[in-house]
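**Q** This structure is in structure tokens; I'll ask about it shortly.
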Number of protein chains: 4
Amino acid sequence: MSLGVAVIGAGVMGSEHARLVREETSGAHLVAVCDADPARAEAAARGARVFDDAHALIASPDVKAVVIASPDATHAEYALACLAAGKPVLCEKPIAATAAEGMKIVEAELSLGRRLVQVGFMRRFDAAYREMRRTLASGRIGEAVLLHNIHRNLAAPDWFTGAMTVTNSFVHEIDISRWLLGSEMLSAQVFPAGPAGLLMIVMRTAKDEVVSTEVNINGGYGYHVHAQLVGTKGTIEMAPPTHTLTNAAGEHGFGFPRDWIPRFAQAYRDQMQAWVNAAREGMVVGASAWDGYVTSAVAKRIVAVMDKGDAARIALPEPPPLYLGA
Amino acid sequence: MSLGVAVIGAGVMGSEHARLVREETSGAHLVAVCDADPARAEAAARGARVFDDAHALIASPDVKAVVIASPDATHAEYALACLAAGKPVLCEKPIAATAAEGMKIVEAELSLGRRLVQVGFMRRFDAAYREMRRTLASGRIGEAVLLHNIHRNLAAPDWFTGAMTVTNSFVHEIDISRWLLGSEMLSAQVFPAGPAGLLMIVMRTAKDEVVSTEVNINGGYGYHVHAQLVGTKGTIEMAPPTHTLTNAAGEHGFGFPRDWIPRFAQAYRDQMQAWVNAAREGMVVGASAWDGYVTSAVAKRIVAVMDKGDAARIALPEPPPLYLGA
Amino acid sequence: MSLGVAVIGAGVMGSEHARLVREETSGAHLVAVCDADPARAEAAARGARVFDDAHALIASPDVKAVVIASPDATHAEYALACLAAGKPVLCEKPIAATAAEGMKIVEAELSLGRRLVQVGFMRRFDAAYREMRRTLASGRIGEAVLLHNIHRNLAAPDWFTGAMTVTNSFVHEIDISRWLLGSEMLSAQVFPAGPAGLLMIVMRTAKDEVVSTEVNINGGYGYHVHAQLVGTKGTIEMAPPTHTLTNAAGEHGFGFPRDWIPRFAQAYRDQMQAWVNAAREGMVVGASAWDGYVTSAVAKRIVAVMDKGDAARIALPEPPPLYLGA
Amino acid sequence: MSLGVAVIGAGVMGSEHARLVREETSGAHLVAVCDADPARAEAAARGARVFDDAHALIASPDVKAVVIASPDATHAEYALACLAAGKPVLCEKPIAATAAEGMKIVEAELSLGRRLVQVGFMRRFDAAYREMRRTLASGRIGEAVLLHNIHRNLAAPDWFTGAMTVTNSFVHEIDISRWLLGSEMLSAQVFPAGPAGLLMIVMRTAKDEVVSTEVNINGGYGYHVHAQLVGTKGTIEMAPPTHTLTNAAGEHGFGFPRDWIPRFAQAYRDQMQAWVNAAREGMVVGASAWDGYVTSAVAKRIVAVMDKGDAARIALPEPPPLYLGA
């Protein structure tokens, strides 16, 4: 039985999620799209129903599962409504505008006694990160000691503030580092560099690993994500992100995309398929509501200290049993 | 409306095609599988209907499109039956056991006045080949002059004869070279090398390009396909086929798969999606019956001369208008 | 007129320096070798004179320039003796056992009113580092913002203490980072990771750059040095350290050496040639006595705080005019 | 005792050889330079003596060894004069303007009963080629089966004729293929491609190997030499020819030089040192007069058939005992 999926928000990501449901996902079909802008909703719906009220969409009986891709400030409200309706959710990151709101979603799942929310940290479905994690698990590079991440954007938009470097960009590294290492972060320290907002962020984990990350919102040459995991016996890192290599005009090489979508197009597709497969089985895969909350809580602590140069101590509650082994 | 797809043949490729239809393709569902071995058919069907007679499967009203992955000798018979029934076909390569039989399929399509057959040359859906073709079309490397292909297998099975190096392995390069260059082959010459069946095959095209290919059925280290296209202003080639790079045990690098399936897993998936999308629109994409015929005809000419060391002159009929611009 | 060169110390590095003078350097010849072990001295001398007293060697009239490759504790004594004799020196790093002793050599040069000492930080002669510096100077990657270094050894010897990770290994990064960036270090902080002595060291420079370095004395797979320089417009990093790539036994890749000598063989050779050329002209190139002192002073500050996790503030005296523009 | 070296010809290569002797070679010094243009000779000599008559230079008693870098047509005459004088020679390729003249040099050495001539096929001293040969000898990739060479120039000069593609460019591949494989060529066939003089040349050896070479005098993007050796168990190929990798302006990569000198600078240097070392011991290393003759003879056969498309049968005399095991 094909799963009826609705998408809330028809911006760049919402439209792409709607397209994935329509065209690239087995076992699902698009039943509705909601957006404040009806033309935008129409364009993403391509014949599916259009709503301007997200709560009406969530309540609609043919909507069996919901993708939330609306503005960040609305994520928690809609996720809680889906939980109330007992419908599986794929919620774009962040899970909520604040860590406290994120915790409310965790609490709602605890009340329900089951998990329904997946947070859209799509990197967990990227082939390179998955190979890194698999290789670590195989023992081939020994035990993890250090993870060095690089996250470069072409150029930050005008409205990008310093804190957004953490809450908007670096959250991806918080999540993926926890997932790769299977560790929680204990502390973090921020080293700003240069005139254009580059941050070197050094975190320490409960297993005595170090996670160092270059977050470079004005990298100047393109969108580029890299990671290298250092173990006691060896290392694994991403291969250059390209299918082909060119020799032309005196140079050997390949081009970078201008934003993250080409780099993670396949990860978004695989995330959607995995979410649909799990939803049809009544399960959740990928980043949980708890993961979403933790990421927001860590980011919040970093933002609190980043201008002072101090190390942020990170004290997280114990994960509830519902989320253990997830 | 989801497309009801049936698969004939439940060997390695047939089972994978069935799985793709079931689990990874939007807009299609698996309705039936046919195999001489009922247990194998059952395993691939996973609940879909099972046939032991391919003609009964083709005739079944809920079967709207057919994947042919049975032994090569049966391809033509089943493809012709599908054409008679007006059902779209994805036929594993080769289109038929002989070029003459392949021509019968072309003639059947000409009689019908429309195309229904796609030949499963999955490389046309591989991201690296597609980038090479796109870059050539962009003019960035100028006009094509030379294509150098490498096709290495770990080790040939015992039953592999010399001619199979051409009819089984090299046919992929015949097809992809025609597709990349948009050229027909005019001649071919075979240079055997060493004790283990390596062939260097040099072809010339109607546009004065040269296609040189190392077909190495006993490469000794893994499955490895590479291609470099040389233009008047530059070159484009495949990047190393890996997502990650490892440093361990004194060595930097990555591993090769033992066979072609991991290398082309995504291409098979994208081929299936593209075929389903096209079938639902009454169209054919990918390699046509004509392409399948030409590939077989070129391979046949090469086999005829390969033991003598002569250059094979290749004389092909003009493509019928039905296939122009395809 | 060929320069008569003598070498003090006939261990691994001293013997290699003697060989370079004898066999690979234009405009120089080996006149003497000194070592406490006469057999070892004899073996390195290959017919040149053998001393057991370094001061006698330094005083010998045919010795026109001296390479110091004896144990670290003796470097300052011999360097001062060479300065007293007015003879050019190439002194293996460190310049002295302590920063204070290093300063005595600086003071001796200041008294003389000229520079005679080059410290053997051979990385300054490595082709990859030189290209990085040249590219930075060209403006192609904009202004320097971040330098990320990786320094991995196969395995630390038993007698290696924690402080030696800084004074023996990391000193190379202190020197090369100053040279690449043209900046002085203002502070440093050490993040130990894992069970085997890995340090992530983060330094900040007077130009607001960050230098992050993984110093990994038990890397587990080989000797591997890497660096990536991040500018406001782009980045430059070392290419994989190999001349060839192999496909064999299921793997693509290349091998790492077990120690630093193969990696920097050409840099040692080019350093020797540059030193000889400069000595014949009465000049000094490469790392100066001042650079040697600064490196030791920075290392000393880091060792002082490394067990506490504090940031080390680094206060250096102003460089004397003799060393400006060097 | 330092070897007195003289250089005949002060063009691009002669000047570079003179510089290498002066500045980069142990155990040698430059005593004289000869050129028809006295200013050019003076500039290359940098204080060494200047001749306008090469025979006078060869006869001069302080000239102990001679580098011939004059126009091709004069190579044989000067090499024979050096042999008559009993002086070691490093002769730029080709050994002579014709194969017949090359044979005269072989015959002169046979009369002398000893070898004095090294031909400047500098690729034999290139680190990548040397690693390829060493790896083949190690057995790691099994027995050699196929060698695929790529030789691309940025653009051919106006005066470049078709035959020069073979006699000027491809001769490097003839020599290095013989050296890598330890095989003689039995036949060759030329496949021209495209409008700009690209040749795919396929040779077969006496050991049943195939050597395929793309000789691309108008490659359009820079000077680029590559080679991949295929064995029965694996392959070895050159790594990308760069020390660093850059990310800038949307692209990852590195630049190619415009001509061969940067690519082979180190090989020229190592060739000179090896020649000087050997000359001082009364030995010859590198390509012998016999190798020079064979290369010219093979090139001549290829030129004879290249416009007809036939396979050239190559019949070479047996190598004289003087050259066995060289």
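In the structure tokens, each chain is lettered A, B, ... as it comes, each chain's residues begin at 1, and ligands are numbered from 1 in order of appearance.
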Could the residues of chain A within 6 Å of chain D, counting only C-alpha atoms, be given as a list in words, please?

**A** Tyr221, Gly222, Ala248, Ala249, Gly250, Glu251, His252, Gly253, Phe254, Gly255 and Phe256 of chain A

**Q** From range 82-197 of chain D, collect each residue whose DSSP state is helix (DSSP H, G or I) and return the set as a VMD selection string.

**A** chain D and resid 82 to 85 99 to 112 122 to 125 127 to 138 162 to 181

**Q** Keeping only N, CA and C atoms, write the selected residues as a short mmCIF file (atom, residue, chain, number, x, y, z; two decimals), in the first residue's frame.

**A**
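The file below, again.cif, is the result:
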data_model
loop_
_atom_site.label_atom_id
_atom_site.label_comp_id
_atom_site.auth_asym_id
_atom_site.auth_seq_id
_atom_site.Cartn_x
_atom_site.Cartn_y
_atom_site.Cartn_z
N CYS D 82 84.33 12.64 -30.24
CA CYS D 82 84.57 12.34 -28.83
C CYS D 82 85.09 10.91 -28.67
N LEU D 83 84.48 10.00 -29.41
CA LEU D 83 84.93 8.61 -29.33
C LEU D 83 86.39 8.51 -29.78
N ALA D 84 86.72 9.22 -30.85
CA ALA D 84 88.10 9.20 -31.33
C ALA D 84 89.05 9.73 -30.25
N ALA D 85 88.55 10.71 -29.48
CA ALA D 85 89.38 11.29 -28.42
C ALA D 85 89.29 10.50 -27.11
N ALA D 99 69.10 6.70 -38.64
CA ALA D 99 69.47 5.44 -38.00
C ALA D 99 70.83 4.96 -38.50
N ALA D 100 71.09 5.18 -39.78
CA ALA D 100 72.36 4.72 -40.35
C ALA D 100 73.53 5.42 -39.66
N GLU D 101 73.40 6.71 -39.45
CA GLU D 101 74.46 7.44 -38.73
C GLU D 101 74.58 6.94 -37.29
N GLY D 102 73.45 6.65 -36.69
CA GLY D 102 73.47 6.12 -35.33
C GLY D 102 74.27 4.82 -35.29
N MET D 103 74.08 3.99 -36.33
CA MET D 103 74.82 2.72 -36.36
C MET D 103 76.32 2.96 -36.44
N LYS D 104 76.72 4.07 -37.09
CA LYS D 104 78.17 4.35 -37.17
C LYS D 104 78.75 4.59 -35.78
N ILE D 105 77.97 5.18 -34.91
CA ILE D 105 78.46 5.41 -33.55
C ILE D 105 78.58 4.09 -32.81
N VAL D 106 77.58 3.24 -33.01
CA VAL D 106 77.68 1.89 -32.43
C VAL D 106 78.95 1.21 -32.93
N GLU D 107 79.19 1.30 -34.24
CA GLU D 107 80.36 0.62 -34.82
C GLU D 107 81.67 1.22 -34.27
N ALA D 108 81.68 2.51 -34.05
CA ALA D 108 82.88 3.14 -33.49
C ALA D 108 83.14 2.61 -32.08
N GLU D 109 82.07 2.45 -31.30
CA GLU D 109 82.26 1.90 -29.96
C GLU D 109 82.73 0.45 -30.03
N LEU D 110 82.17 -0.29 -31.00
CA LEU D 110 82.59 -1.68 -31.14
C LEU D 110 84.08 -1.75 -31.50
N SER D 111 84.55 -0.84 -32.38
CA SER D 111 85.97 -0.80 -32.73
C SER D 111 86.82 -0.48 -31.51
N LEU D 112 86.34 0.49 -30.74
CA LEU D 112 87.07 0.86 -29.52
C LEU D 112 87.08 -0.27 -28.50
N MET D 122 66.14 11.24 -20.89
CA MET D 122 66.14 11.58 -19.46
C MET D 122 65.02 10.90 -18.70
N ARG D 123 63.98 10.42 -19.41
CA ARG D 123 62.87 9.80 -18.69
C ARG D 123 63.31 8.59 -17.87
N ARG D 124 64.41 7.95 -18.31
CA ARG D 124 64.92 6.81 -17.54
C ARG D 124 65.32 7.21 -16.12
N PHE D 125 65.49 8.51 -15.89
CA PHE D 125 65.88 8.99 -14.56
C PHE D 125 64.71 9.63 -13.81
N ALA D 127 61.50 9.83 -11.52
CA ALA D 127 61.12 9.03 -10.34
C ALA D 127 59.91 8.14 -10.62
N ALA D 128 58.94 8.64 -11.38
CA ALA D 128 57.73 7.85 -11.64
C ALA D 128 58.04 6.63 -12.51
N TYR D 129 58.77 6.85 -13.60
CA TYR D 129 59.13 5.71 -14.45
C TYR D 129 59.97 4.69 -13.67
N ARG D 130 60.86 5.21 -12.83
CA ARG D 130 61.72 4.30 -12.07
C ARG D 130 60.91 3.45 -11.10
N GLU D 131 59.92 4.08 -10.47
CA GLU D 131 59.05 3.29 -9.58
C GLU D 131 58.26 2.26 -10.35
N MET D 132 57.82 2.62 -11.54
CA MET D 132 57.07 1.66 -12.36
C MET D 132 57.93 0.44 -12.69
N ARG D 133 59.18 0.71 -13.07
CA ARG D 133 60.07 -0.40 -13.43
C ARG D 133 60.40 -1.26 -12.22
N ARG D 134 60.62 -0.60 -11.07
CA ARG D 134 60.96 -1.32 -9.85
C ARG D 134 59.78 -2.18 -9.40
N THR D 135 58.58 -1.63 -9.53
CA THR D 135 57.40 -2.38 -9.11
C THR D 135 57.18 -3.58 -10.03
N LEU D 136 57.40 -3.39 -11.33
CA LEU D 136 57.29 -4.54 -12.24
C LEU D 136 58.30 -5.62 -11.85
N ALA D 137 59.53 -5.20 -11.58
CA ALA D 137 60.57 -6.17 -11.21
C ALA D 137 60.23 -6.88 -9.90
N SER D 138 59.50 -6.21 -9.04
CA SER D 138 59.17 -6.81 -7.73
C SER D 138 58.15 -7.94 -7.85
N GLY D 162 54.24 15.95 -39.84
CA GLY D 162 53.70 14.69 -39.33
C GLY D 162 54.78 13.73 -38.86
N ALA D 163 55.84 13.60 -39.66
CA ALA D 163 56.88 12.64 -39.29
C ALA D 163 57.55 13.04 -37.98
N MET D 164 57.61 14.33 -37.69
CA MET D 164 58.27 14.77 -36.46
C MET D 164 57.50 14.32 -35.22
N THR D 165 56.20 14.10 -35.38
CA THR D 165 55.45 13.54 -34.25
C THR D 165 56.09 12.24 -33.79
N VAL D 166 56.58 11.49 -34.77
CA VAL D 166 57.25 10.23 -34.43
C VAL D 166 58.70 10.46 -34.05
N THR D 167 59.43 11.19 -34.89
CA THR D 167 60.89 11.26 -34.69
C THR D 167 61.27 12.20 -33.55
N ASN D 168 60.39 13.12 -33.22
CA ASN D 168 60.73 14.09 -32.18
C ASN D 168 60.03 13.79 -30.86
N SER D 169 58.75 13.44 -30.93
CA SER D 169 57.99 13.20 -29.70
C SER D 169 57.97 11.71 -29.33
N PHE D 170 57.48 10.89 -30.24
CA PHE D 170 57.23 9.49 -29.92
C PHE D 170 58.51 8.72 -29.61
N VAL D 171 59.67 9.21 -30.08
CA VAL D 171 60.91 8.50 -29.75
C VAL D 171 61.08 8.33 -28.25
N HIS D 172 60.57 9.27 -27.47
CA HIS D 172 60.66 9.11 -26.02
C HIS D 172 59.91 7.86 -25.56
N GLU D 173 58.74 7.63 -26.15
CA GLU D 173 58.00 6.43 -25.77
C GLU D 173 58.66 5.15 -26.29
N ILE D 174 59.26 5.24 -27.47
CA ILE D 174 59.98 4.04 -27.96
C ILE D 174 61.05 3.66 -26.94
N ASP D 175 61.83 4.65 -26.53
CA ASP D 175 62.92 4.34 -25.60
C ASP D 175 62.40 3.87 -24.24
N ILE D 176 61.47 4.62 -23.68
CA ILE D 176 61.06 4.29 -22.31
C ILE D 176 60.27 2.99 -22.27
N SER D 177 59.56 2.67 -23.35
CA SER D 177 58.81 1.41 -23.38
C SER D 177 59.78 0.23 -23.42
N ARG D 178 60.83 0.33 -24.23
CA ARG D 178 61.85 -0.72 -24.26
C ARG D 178 62.49 -0.88 -22.89
N TRP D 179 62.74 0.25 -22.22
CA TRP D 179 63.43 0.23 -20.92
C TRP D 179 62.51 -0.33 -19.83
N LEU D 180 61.26 0.09 -19.86
CA LEU D 180 60.32 -0.39 -18.83
C LEU D 180 60.08 -1.90 -18.99
N LEU D 181 59.89 -2.32 -20.22
CA LEU D 181 59.48 -3.70 -20.46
C LEU D 181 60.67 -4.64 -20.63
#

**Q** So that I can check the surroundings of Thr205 in chain D, please list as an mmCIF file with N, CA, C and O atoms, in the first residue's frame every protein, DNA and RNA residue that reaches within 9 Å of it, counting only C-alpha atoms and ignoring chain neighbours fewer than 6 positions away.

**A**
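Generated file (result.cif):
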data_model
loop_
_atom_site.group_PDB
_atom_site.id
_atom_site.type_symbol
_atom_site.label_atom_id
_atom_site.label_comp_id
_atom_site.auth_asym_id
_atom_site.auth_seq_id
_atom_site.Cartn_x
_atom_site.Cartn_y
_atom_site.Cartn_z
ATOM 1 N N ARG D 178 60.830 0.328 -24.233
ATOM 2 C CA ARG D 178 61.850 -0.719 -24.263
ATOM 3 C C ARG D 178 62.487 -0.884 -22.888
ATOM 4 O O ARG D 178 62.751 -1.995 -22.424
ATOM 5 N N SER D 183 61.922 -5.191 -23.507
ATOM 6 C CA SER D 183 61.493 -5.920 -24.714
ATOM 7 C C SER D 183 61.854 -5.122 -25.961
ATOM 8 O O SER D 183 61.898 -3.892 -25.924
ATOM 9 N N GLU D 184 62.023 -5.851 -27.076
ATOM 10 C CA GLU D 184 62.157 -5.168 -28.360
ATOM 11 C C GLU D 184 60.822 -5.131 -29.082
ATOM 12 O O GLU D 184 59.992 -6.015 -28.913
ATOM 13 N N MET D 185 60.641 -4.100 -29.890
ATOM 14 C CA MET D 185 59.409 -3.942 -30.655
ATOM 15 C C MET D 185 59.478 -4.773 -31.933
ATOM 16 O O MET D 185 60.489 -4.771 -32.629
ATOM 17 N N LEU D 186 58.398 -5.483 -32.231
ATOM 18 C CA LEU D 186 58.340 -6.318 -33.439
ATOM 19 C C LEU D 186 57.538 -5.661 -34.557
ATOM 20 O O LEU D 186 57.765 -5.934 -35.727
ATOM 21 N N SER D 187 56.551 -4.879 -34.175
ATOM 22 C CA SER D 187 55.723 -4.258 -35.204
ATOM 23 C C SER D 187 55.072 -3.014 -34.620
ATOM 24 O O SER D 187 55.036 -2.838 -33.403
ATOM 25 N N VAL D 211 52.116 -2.219 -26.667
ATOM 26 C CA VAL D 211 52.398 -0.849 -26.212
ATOM 27 C C VAL D 211 51.522 0.092 -27.030
ATOM 28 O O VAL D 211 51.703 0.212 -28.236
#

**Q** What's the 6 Å shell around Ile141 in chain D, counting only C-alpha atoms, without same-chain residues fewer than 2 positions away, as a PyMOL selection string?

**A** chain D and resi 139+231+233-235

**Q** Quick one, how far is CA of Ala44 in chain B from CA of Ile8 in chain B?

**A**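 Distance between the two atoms: 10.5 Å.
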